[in-house]
file work-v3.json (JSON, N, CA and C atoms)
[["chain", "number", "residue", "atom", "x", "y", "z"],
["A", 1, "MET", "N", 24.50, 43.76, 5.20],
["A", 1, "MET", "CA", 23.14, 43.57, 4.74],
["A", 1, "MET", "C", 22.61, 42.22, 5.22],
["A", 2, "LEU", "N", 23.47, 41.21, 5.20],
["A", 2, "LEU", "CA", 23.05, 39.89, 5.63],
["A", 2, "LEU", "C", 22.69, 39.87, 7.11],
["A", 3, "THR", "N", 23.40, 40.65, 7.91],
["A", 3, "THR", "CA", 23.09, 40.76, 9.33],
["A", 3, "THR", "C", 21.70, 41.34, 9.54],
["A", 4, "LEU", "N", 21.37, 42.36, 8.77],
["A", 4, "LEU", "CA", 20.04, 42.97, 8.86],
["A", 4, "LEU", "C", 18.96, 42.00, 8.40],
["A", 5, "PHE", "N", 19.26, 41.24, 7.37],
["A", 5, "PHE", "CA", 18.31, 40.24, 6.88],
["A", 5, "PHE", "C", 18.05, 39.19, 7.96],
["A", 6, "ALA", "N", 19.10, 38.75, 8.64],
["A", 6, "ALA", "CA", 18.94, 37.77, 9.72],
["A", 6, "ALA", "C", 18.11, 38.33, 10.87],
["A", 7, "GLU", "N", 18.33, 39.59, 11.19],
["A", 7, "GLU", "CA", 17.53, 40.23, 12.25],
["A", 7, "GLU", "C", 16.06, 40.29, 11.85],
["A", 8, "ARG", "N", 15.80, 40.70, 10.62],
["A", 8, "ARG", "CA", 14.41, 40.76, 10.13],
["A", 8, "ARG", "C", 13.77, 39.38, 10.17],
["A", 9, "HIS", "N", 14.54, 38.37, 9.79],
["A", 9, "HIS", "CA", 14.02, 37.01, 9.78],
["A", 9, "HIS", "C", 13.59, 36.58, 11.18],
["A", 10, "ARG", "N", 14.36, 36.96, 12.19],
["A", 10, "ARG", "CA", 13.98, 36.63, 13.57],
["A", 10, "ARG", "C", 12.66, 37.30, 13.94],
["A", 11, "TYR", "N", 12.48, 38.55, 13.52],
["A", 11, "TYR", "CA", 11.21, 39.24, 13.80],
["A", 11, "TYR", "C", 10.04, 38.56, 13.09],
["A", 12, "VAL", "N", 10.24, 38.19, 11.84],
["A", 12, "VAL", "CA", 9.19, 37.52, 11.06],
["A", 12, "VAL", "C", 8.83, 36.19, 11.71],
["A", 13, "THR", "N", 9.83, 35.46, 12.15],
["A", 13, "THR", "CA", 9.57, 34.18, 12.81],
["A", 13, "THR", "C", 8.77, 34.39, 14.09],
["A", 14, "ARG", "N", 9.14, 35.39, 14.85],
["A", 14, "ARG", "CA", 8.41, 35.68, 16.10],
["A", 14, "ARG", "C", 6.97, 36.07, 15.81],
["A", 15, "MET", "N", 6.75, 36.89, 14.80],
["A", 15, "MET", "CA", 5.38, 37.28, 14.45],
["A", 15, "MET", "C", 4.56, 36.07, 14.02],
["A", 16, "ALA", "N", 5.18, 35.16, 13.29],
["A", 16, "ALA", "CA", 4.48, 33.95, 12.86],
["A", 16, "ALA", "C", 4.09, 33.08, 14.06],
["A", 17, "GLU", "N", 4.91, 33.11, 15.09],
["A", 17, "GLU", "CA", 4.60, 32.34, 16.30],
["A", 17, "GLU", "C", 3.44, 32.95, 17.07],
["A", 18, "ILE", "N", 3.25, 34.26, 16.94],
["A", 18, "ILE", "CA", 2.18, 34.96, 17.65],
["A", 18, "ILE", "C", 0.85, 34.85, 16.90],
["A", 19, "LYS", "N", 0.90, 34.93, 15.59],
["A", 19, "LYS", "CA", -0.33, 34.92, 14.77],
["A", 19, "LYS", "C", -1.01, 33.56, 14.84],
["A", 20, "THR", "N", -2.33, 33.58, 14.77],
["A", 20, "THR", "CA", -3.10, 32.34, 14.89],
["A", 20, "THR", "C", -3.86, 31.97, 13.63],
["A", 21, "ASP", "N", -4.02, 32.91, 12.71],
["A", 21, "ASP", "CA", -4.81, 32.67, 11.51],
["A", 21, "ASP", "C", -3.96, 32.98, 10.27],
["A", 22, "LEU", "N", -4.10, 32.16, 9.24],
["A", 22, "LEU", "CA", -3.33, 32.35, 8.01],
["A", 22, "LEU", "C", -3.55, 33.73, 7.40],
["A", 23, "HIS", "N", -4.76, 34.26, 7.54],
["A", 23, "HIS", "CA", -5.06, 35.57, 6.94],
["A", 23, "HIS", "C", -4.30, 36.70, 7.62],
["A", 24, "GLU", "N", -3.87, 36.50, 8.85],
["A", 24, "GLU", "CA", -3.11, 37.53, 9.56],
["A", 24, "GLU", "C", -1.74, 37.77, 8.91],
["A", 25, "ALA", "N", -1.24, 36.79, 8.19],
["A", 25, "ALA", "CA", 0.07, 36.92, 7.55],
["A", 25, "ALA", "C", 0.03, 37.88, 6.36],
["A", 26, "HIS", "N", -1.15, 38.13, 5.82],
["A", 26, "HIS", "CA", -1.28, 38.98, 4.62],
["A", 26, "HIS", "C", -2.14, 40.19, 4.96],
["A", 27, "ASP", "N", -1.53, 41.24, 5.44],
["A", 27, "ASP", "CA", -2.22, 42.46, 5.85],
["A", 27, "ASP", "C", -2.04, 43.51, 4.75],
["A", 28, "VAL", "N", -3.04, 43.64, 3.90],
["A", 28, "VAL", "CA", -2.97, 44.52, 2.73],
["A", 28, "VAL", "C", -2.70, 45.97, 3.13],
["A", 29, "VAL", "N", -3.34, 46.44, 4.16],
["A", 29, "VAL", "CA", -3.16, 47.83, 4.59],
["A", 29, "VAL", "C", -1.71, 48.06, 5.03],
["A", 30, "ARG", "N", -1.18, 47.12, 5.80],
["A", 30, "ARG", "CA", 0.21, 47.23, 6.27],
["A", 30, "ARG", "C", 1.19, 47.17, 5.09],
["A", 31, "ILE", "N", 0.93, 46.28, 4.14],
["A", 31, "ILE", "CA", 1.81, 46.15, 2.98],
["A", 31, "ILE", "C", 1.84, 47.45, 2.18],
["A", 32, "LYS", "N", 0.67, 48.04, 1.95],
["A", 32, "LYS", "CA", 0.61, 49.31, 1.21],
["A", 32, "LYS", "C", 1.38, 50.41, 1.94],
["A", 33, "ALA", "N", 1.27, 50.45, 3.26],
["A", 33, "ALA", "CA", 1.98, 51.46, 4.04],
["A", 33, "ALA", "C", 3.49, 51.26, 3.94],
["A", 34, "VAL", "N", 3.93, 50.02, 4.02],
["A", 34, "VAL", "CA", 5.36, 49.72, 3.93],
["A", 34, "VAL", "C", 5.90, 50.10, 2.55],
["A", 35, "ILE", "N", 5.18, 49.74, 1.50],
["A", 35, "ILE", "CA", 5.62, 50.05, 0.13],
["A", 35, "ILE", "C", 5.67, 51.56, -0.08],
["A", 36, "ALA", "N", 4.70, 52.28, 0.44],
["A", 36, "ALA", "CA", 4.70, 53.74, 0.32],
["A", 36, "ALA", "C", 5.93, 54.33, 1.01],
["A", 37, "LYS", "N", 6.26, 53.81, 2.18],
["A", 37, "LYS", "CA", 7.43, 54.29, 2.90],
["A", 37, "LYS", "C", 8.72, 53.96, 2.13],
["A", 38, "ILE", "N", 8.77, 52.79, 1.53],
["A", 38, "ILE", "CA", 9.94, 52.40, 0.74],
["A", 38, "ILE", "C", 10.11, 53.34, -0.46],
["A", 39, "ARG", "N", 9.01, 53.69, -1.10],
["A", 39, "ARG", "CA", 9.07, 54.63, -2.23],
["A", 39, "ARG", "C", 9.65, 55.97, -1.78],
["A", 40, "GLU", "N", 9.15, 56.49, -0.67],
["A", 40, "GLU", "CA", 9.63, 57.77, -0.14],
["A", 40, "GLU", "C", 11.12, 57.71, 0.19],
["A", 41, "ARG", "N", 11.52, 56.65, 0.89],
["A", 41, "ARG", "CA", 12.92, 56.51, 1.30],
["A", 41, "ARG", "C", 13.84, 56.32, 0.11],
["A", 42, "SER", "N", 13.37, 55.59, -0.89],
["A", 42, "SER", "CA", 14.22, 55.37, -2.07],
["A", 42, "SER", "C", 14.44, 56.69, -2.82],
["A", 43, "LEU", "N", 13.41, 57.50, -2.91],
["A", 43, "LEU", "CA", 13.56, 58.80, -3.56],
["A", 43, "LEU", "C", 14.54, 59.68, -2.79],
["A", 44, "ALA", "N", 14.46, 59.65, -1.47],
["A", 44, "ALA", "CA", 15.37, 60.45, -0.65],
["A", 44, "ALA", "C", 16.81, 59.98, -0.79],
["A", 45, "LEU", "N", 16.99, 58.71, -1.11],
["A", 45, "LEU", "CA", 18.34, 58.15, -1.27],
["A", 45, "LEU", "C", 18.79, 58.13, -2.72],
["A", 46, "ASP", "N", 18.00, 58.72, -3.60],
["A", 46, "ASP", "CA", 18.30, 58.74, -5.03],
["A", 46, "ASP", "C", 18.46, 57.33, -5.59],
["A", 47, "LEU", "N", 17.56, 56.45, -5.15],
["A", 47, "LEU", "CA", 17.53, 55.06, -5.58],
["A", 47, "LEU", "C", 16.29, 54.86, -6.46],
["A", 48, "ASP", "N", 16.42, 54.09, -7.50],
["A", 48, "ASP", "CA", 15.28, 53.82, -8.37],
["A", 48, "ASP", "C", 14.14, 53.22, -7.55],
["A", 49, "GLU", "N", 13.03, 53.93, -7.48],
["A", 49, "GLU", "CA", 11.93, 53.50, -6.61],
["A", 49, "GLU", "C", 11.30, 52.19, -7.07],
["A", 50, "ASP", "N", 11.26, 51.94, -8.38],
["A", 50, "ASP", "CA", 10.70, 50.68, -8.86],
["A", 50, "ASP", "C", 11.56, 49.49, -8.45],
["A", 51, "GLN", "N", 12.86, 49.68, -8.51],
["A", 51, "GLN", "CA", 13.77, 48.62, -8.10],
["A", 51, "GLN", "C", 13.64, 48.36, -6.59],
["A", 52, "ALA", "N", 13.59, 49.41, -5.81],
["A", 52, "ALA", "CA", 13.44, 49.27, -4.36],
["A", 52, "ALA", "C", 12.12, 48.58, -4.04],
["A", 53, "LYS", "N", 11.07, 48.99, -4.72],
["A", 53, "LYS", "CA", 9.76, 48.39, -4.49],
["A", 53, "LYS", "C", 9.79, 46.89, -4.85],
["A", 54, "PHE", "N", 10.42, 46.55, -5.96],
["A", 54, "PHE", "CA", 10.49, 45.16, -6.39],
["A", 54, "PHE", "C", 11.22, 44.30, -5.35],
["A", 55, "VAL", "N", 12.36, 44.79, -4.87],
["A", 55, "VAL", "CA", 13.14, 44.03, -3.89],
["A", 55, "VAL", "C", 12.34, 43.87, -2.60],
["A", 56, "TRP", "N", 11.74, 44.95, -2.13],
["A", 56, "TRP", "CA", 11.00, 44.89, -0.87],
["A", 56, "TRP", "C", 9.75, 44.03, -1.02],
["A", 57, "ARG", "N", 9.07, 44.16, -2.14],
["A", 57, "ARG", "CA", 7.85, 43.37, -2.37],
["A", 57, "ARG", "C", 8.19, 41.87, -2.40],
["A", 58, "THR", "N", 9.32, 41.52, -2.99],
["A", 58, "THR", "CA", 9.77, 40.13, -3.01],
["A", 58, "THR", "C", 10.00, 39.62, -1.59],
["A", 59, "LEU", "N", 10.65, 40.45, -0.77],
["A", 59, "LEU", "CA", 10.88, 40.09, 0.63],
["A", 59, "LEU", "C", 9.56, 39.93, 1.38],
["A", 60, "ILE", "N", 8.64, 40.84, 1.16],
["A", 60, "ILE", "CA", 7.33, 40.75, 1.82],
["A", 60, "ILE", "C", 6.61, 39.47, 1.42],
["A", 61, "ASP", "N", 6.59, 39.16, 0.13],
["A", 61, "ASP", "CA", 5.91, 37.95, -0.35],
["A", 61, "ASP", "C", 6.54, 36.69, 0.26],
["A", 62, "TRP", "N", 7.87, 36.66, 0.32],
["A", 62, "TRP", "CA", 8.55, 35.51, 0.92],
["A", 62, "TRP", "C", 8.17, 35.39, 2.39],
["A", 63, "ASN", "N", 8.16, 36.53, 3.11],
["A", 63, "ASN", "CA", 7.81, 36.51, 4.53],
["A", 63, "ASN", "C", 6.38, 36.05, 4.76],
["A", 64, "ILE", "N", 5.47, 36.47, 3.92],
["A", 64, "ILE", "CA", 4.07, 36.04, 4.04],
["A", 64, "ILE", "C", 3.98, 34.53, 3.90],
["A", 65, "ASN", "N", 4.62, 33.98, 2.89],
["A", 65, "ASN", "CA", 4.60, 32.53, 2.70],
["A", 65, "ASN", "C", 5.26, 31.80, 3.86],
["A", 66, "TYR", "N", 6.35, 32.34, 4.35],
["A", 66, "TYR", "CA", 7.05, 31.75, 5.50],
["A", 66, "TYR", "C", 6.13, 31.74, 6.73],
["A", 67, "GLU", "N", 5.49, 32.87, 7.01],
["A", 67, "GLU", "CA", 4.58, 32.96, 8.15],
["A", 67, "GLU", "C", 3.42, 31.98, 8.00],
["A", 68, "LYS", "N", 2.84, 31.93, 6.81],
["A", 68, "LYS", "CA", 1.73, 31.01, 6.58],
["A", 68, "LYS", "C", 2.14, 29.56, 6.83],
["A", 69, "GLY", "N", 3.37, 29.22, 6.42],
["A", 69, "GLY", "CA", 3.86, 27.87, 6.65],
["A", 69, "GLY", "C", 3.96, 27.53, 8.13],
["A", 70, "ILE", "N", 4.47, 28.47, 8.91],
["A", 70, "ILE", "CA", 4.59, 28.25, 10.36],
["A", 70, "ILE", "C", 3.21, 28.15, 11.01],
["A", 71, "ILE", "N", 2.31, 29.04, 10.63],
["A", 71, "ILE", "CA", 0.95, 29.04, 11.20],
["A", 71, "ILE", "C", 0.24, 27.73, 10.83],
["A", 72, "ALA", "N", 0.31, 27.33, 9.56],
["A", 72, "ALA", "CA", -0.35, 26.10, 9.11],
["A", 72, "ALA", "C", 0.21, 24.89, 9.82],
["A", 73, "ALA", "N", 1.53, 24.83, 9.99],
["A", 73, "ALA", "CA", 2.14, 23.69, 10.67],
["A", 73, "ALA", "C", 1.68, 23.61, 12.12],
["A", 74, "ARG", "N", 1.59, 24.75, 12.76],
["A", 74, "ARG", "CA", 1.14, 24.78, 14.16],
["A", 74, "ARG", "C", -0.31, 24.34, 14.27],
["A", 75, "ARG", "N", -1.13, 24.72, 13.31],
["A", 75, "ARG", "CA", -2.56, 24.38, 13.35],
["A", 75, "ARG", "C", -2.79, 22.89, 13.09],
["A", 76, "ARG", "N", -1.86, 22.24, 12.37],
["A", 76, "ARG", "CA", -2.00, 20.80, 12.09],
["A", 76, "ARG", "C", -1.72, 19.94, 13.32],
["A", 77, "ARG", "N", -1.02, 20.49, 14.29],
["A", 77, "ARG", "CA", -0.67, 19.71, 15.50],
["A", 77, "ARG", "C", -1.84, 19.44, 16.37]]
call {"tool": "encode", "arguments": {"input": "work-v3.json", "output": "structure tokens"}}
result
Amino acid sequence: MLTLFAERHRYVTRMAEIKTDLHEAHDVVRIKAVIAKIRERSLALDLDEDQAKFVWRTLIDWNINYEKGIIAARRRR
């Protein structure tokens, strides 16, 4: 699981390097689509969908803040 987390982190870092505006880090439509997919997949895996949503939403929120930090730091230069 940690290996997958590290891979995801590399993708998030790369996306933050590409994005130019803080608002790009928080894409409501994309977030809703991801959460909907997580709900479907959790049901298929017989996993509590609320728990899966909570874990994934926490990861999304952390990634948004991380991306915003990188974008803001780049803009200050």
call {"tool": "residues_around", "arguments": {"input": "work-v3.json", "residues": "A:Gly69", "least_positions_apart": "4", "cutoff": "9 Å", "atoms": "only C-alpha atoms", "output": "list in words"}}
result
Ala16, Leu22, Ile64, Asn65, Ala73 and Arg74 of chain A
call {"tool": "atom_distance", "arguments": {"input": "work-v3.json", "atom1": "atom C of A:Lys19", "atom2": "atom C of A:Ile60"}}
result
16.5 Å
call {"tool": "axis_aligned_box", "arguments": {"input": "work-v3.json", "around": "stretch 29-40 of chain A", "padding_each_side": "4 Å", "output": "lines of an AutoDock Vina configuration file"}}
result
center_x = 3.9
center_y = 52.0
center_z = 2.0
size_x = 22.5
size_y = 19.6
size_z = 16.5
call {"tool": "atom_distance", "arguments": {"input": "work-v3.json", "atom1": "atom N of A:Arg57", "atom2": "atom CA of A:Ser42"}}
result
12.3 Å
call {"tool": "atom_distance", "arguments": {"input": "work-v3.json", "atom1": "atom C of A:Arg30", "atom2": "atom C of A:Trp56"}}
result
11.0 Å
call {"tool": "closest_residue", "arguments": {"input": "work-v3.json", "among": "A:Ile35, A:Leu2, A:Arg8, A:Lys68", "to": "A:Asp50", "atoms": "only C-alpha atoms"}}
result
A:Ile35
call {"tool": "select_by_dssp", "arguments": {"input": "work-v3.json", "residues": "stretch 2-55 of chain A", "states": "helix (DSSP H, G or I)", "output": "CSV table (one decimal) with N, CA and C atoms, in the coordinates of the input"}}
result
chain,number,residue,atom,x,y,z
A,2,LEU,N,23.5,41.2,5.2
A,2,LEU,CA,23.0,39.9,5.6
A,2,LEU,C,22.7,39.9,7.1
A,3,THR,N,23.4,40.6,7.9
A,3,THR,CA,23.1,40.8,9.3
A,3,THR,C,21.7,41.3,9.5
A,4,LEU,N,21.4,42.4,8.8
A,4,LEU,CA,20.0,43.0,8.9
A,4,LEU,C,19.0,42.0,8.4
A,5,PHE,N,19.3,41.2,7.4
A,5,PHE,CA,18.3,40.2,6.9
A,5,PHE,C,18.0,39.2,8.0
A,6,ALA,N,19.1,38.8,8.6
A,6,ALA,CA,18.9,37.8,9.7
A,6,ALA,C,18.1,38.3,10.9
A,7,GLU,N,18.3,39.6,11.2
A,7,GLU,CA,17.5,40.2,12.2
A,7,GLU,C,16.1,40.3,11.8
A,8,ARG,N,15.8,40.7,10.6
A,8,ARG,CA,14.4,40.8,10.1
A,8,ARG,C,13.8,39.4,10.2
A,9,HIS,N,14.5,38.4,9.8
A,9,HIS,CA,14.0,37.0,9.8
A,9,HIS,C,13.6,36.6,11.2
A,10,ARG,N,14.4,37.0,12.2
A,10,ARG,CA,14.0,36.6,13.6
A,10,ARG,C,12.7,37.3,13.9
A,11,TYR,N,12.5,38.6,13.5
A,11,TYR,CA,11.2,39.2,13.8
A,11,TYR,C,10.0,38.6,13.1
A,12,VAL,N,10.2,38.2,11.8
A,12,VAL,CA,9.2,37.5,11.1
A,12,VAL,C,8.8,36.2,11.7
A,13,THR,N,9.8,35.5,12.2
A,13,THR,CA,9.6,34.2,12.8
A,13,THR,C,8.8,34.4,14.1
A,14,ARG,N,9.1,35.4,14.8
A,14,ARG,CA,8.4,35.7,16.1
A,14,ARG,C,7.0,36.1,15.8
A,15,MET,N,6.8,36.9,14.8
A,15,MET,CA,5.4,37.3,14.4
A,15,MET,C,4.6,36.1,14.0
A,16,ALA,N,5.2,35.2,13.3
A,16,ALA,CA,4.5,34.0,12.9
A,16,ALA,C,4.1,33.1,14.1
A,17,GLU,N,4.9,33.1,15.1
A,17,GLU,CA,4.6,32.3,16.3
A,17,GLU,C,3.4,33.0,17.1
A,18,ILE,N,3.2,34.3,16.9
A,18,ILE,CA,2.2,35.0,17.6
A,18,ILE,C,0.8,34.8,16.9
A,22,LEU,N,-4.1,32.2,9.2
A,22,LEU,CA,-3.3,32.4,8.0
A,22,LEU,C,-3.6,33.7,7.4
A,23,HIS,N,-4.8,34.3,7.5
A,23,HIS,CA,-5.1,35.6,6.9
A,23,HIS,C,-4.3,36.7,7.6
A,24,GLU,N,-3.9,36.5,8.8
A,24,GLU,CA,-3.1,37.5,9.6
A,24,GLU,C,-1.7,37.8,8.9
A,25,ALA,N,-1.2,36.8,8.2
A,25,ALA,CA,0.1,36.9,7.6
A,25,ALA,C,0.0,37.9,6.4
A,28,VAL,N,-3.0,43.6,3.9
A,28,VAL,CA,-3.0,44.5,2.7
A,28,VAL,C,-2.7,46.0,3.1
A,29,VAL,N,-3.3,46.4,4.2
A,29,VAL,CA,-3.2,47.8,4.6
A,29,VAL,C,-1.7,48.1,5.0
A,30,ARG,N,-1.2,47.1,5.8
A,30,ARG,CA,0.2,47.2,6.3
A,30,ARG,C,1.2,47.2,5.1
A,31,ILE,N,0.9,46.3,4.1
A,31,ILE,CA,1.8,46.2,3.0
A,31,ILE,C,1.8,47.4,2.2
A,32,LYS,N,0.7,48.0,2.0
A,32,LYS,CA,0.6,49.3,1.2
A,32,LYS,C,1.4,50.4,1.9
A,33,ALA,N,1.3,50.4,3.3
A,33,ALA,CA,2.0,51.5,4.0
A,33,ALA,C,3.5,51.3,3.9
A,34,VAL,N,3.9,50.0,4.0
A,34,VAL,CA,5.4,49.7,3.9
A,34,VAL,C,5.9,50.1,2.6
A,35,ILE,N,5.2,49.7,1.5
A,35,ILE,CA,5.6,50.0,0.1
A,35,ILE,C,5.7,51.6,-0.1
A,36,ALA,N,4.7,52.3,0.4
A,36,ALA,CA,4.7,53.7,0.3
A,36,ALA,C,5.9,54.3,1.0
A,37,LYS,N,6.3,53.8,2.2
A,37,LYS,CA,7.4,54.3,2.9
A,37,LYS,C,8.7,54.0,2.1
A,38,ILE,N,8.8,52.8,1.5
A,38,ILE,CA,9.9,52.4,0.7
A,38,ILE,C,10.1,53.3,-0.5
A,39,ARG,N,9.0,53.7,-1.1
A,39,ARG,CA,9.1,54.6,-2.2
A,39,ARG,C,9.6,56.0,-1.8
A,40,GLU,N,9.2,56.5,-0.7
A,40,GLU,CA,9.6,57.8,-0.1
A,40,GLU,C,11.1,57.7,0.2
A,41,ARG,N,11.5,56.6,0.9
A,41,ARG,CA,12.9,56.5,1.3
A,41,ARG,C,13.8,56.3,0.1
A,42,SER,N,13.4,55.6,-0.9
A,42,SER,CA,14.2,55.4,-2.1
A,42,SER,C,14.4,56.7,-2.8
A,43,LEU,N,13.4,57.5,-2.9
A,43,LEU,CA,13.6,58.8,-3.6
A,43,LEU,C,14.5,59.7,-2.8
A,44,ALA,N,14.5,59.6,-1.5
A,44,ALA,CA,15.4,60.4,-0.6
A,44,ALA,C,16.8,60.0,-0.8
A,49,GLU,N,13.0,53.9,-7.5
A,49,GLU,CA,11.9,53.5,-6.6
A,49,GLU,C,11.3,52.2,-7.1
A,50,ASP,N,11.3,51.9,-8.4
A,50,ASP,CA,10.7,50.7,-8.9
A,50,ASP,C,11.6,49.5,-8.4
A,51,GLN,N,12.9,49.7,-8.5
A,51,GLN,CA,13.8,48.6,-8.1
A,51,GLN,C,13.6,48.4,-6.6
A,52,ALA,N,13.6,49.4,-5.8
A,52,ALA,CA,13.4,49.3,-4.4
A,52,ALA,C,12.1,48.6,-4.0
A,53,LYS,N,11.1,49.0,-4.7
A,53,LYS,CA,9.8,48.4,-4.5
A,53,LYS,C,9.8,46.9,-4.8
A,54,PHE,N,10.4,46.6,-6.0
A,54,PHE,CA,10.5,45.2,-6.4
A,54,PHE,C,11.2,44.3,-5.4
A,55,VAL,N,12.4,44.8,-4.9
A,55,VAL,CA,13.1,44.0,-3.9
A,55,VAL,C,12.3,43.9,-2.6
call {"tool": "closest_residue", "arguments": {"input": "work-v3.json", "among": "A:Leu4, A:Thr20, A:Ala25, A:Phe54", "to": "A:Arg75", "atoms": "only N, CA and C atoms"}}
result
A:Thr20
call {"tool": "closest_residue", "arguments": {"input": "work-v3.json", "among": "A:His23, A:Lys53, A:His9, A:Arg77", "to": "A:Ile38", "atoms": "only C-alpha atoms"}}
result
A:Lys53
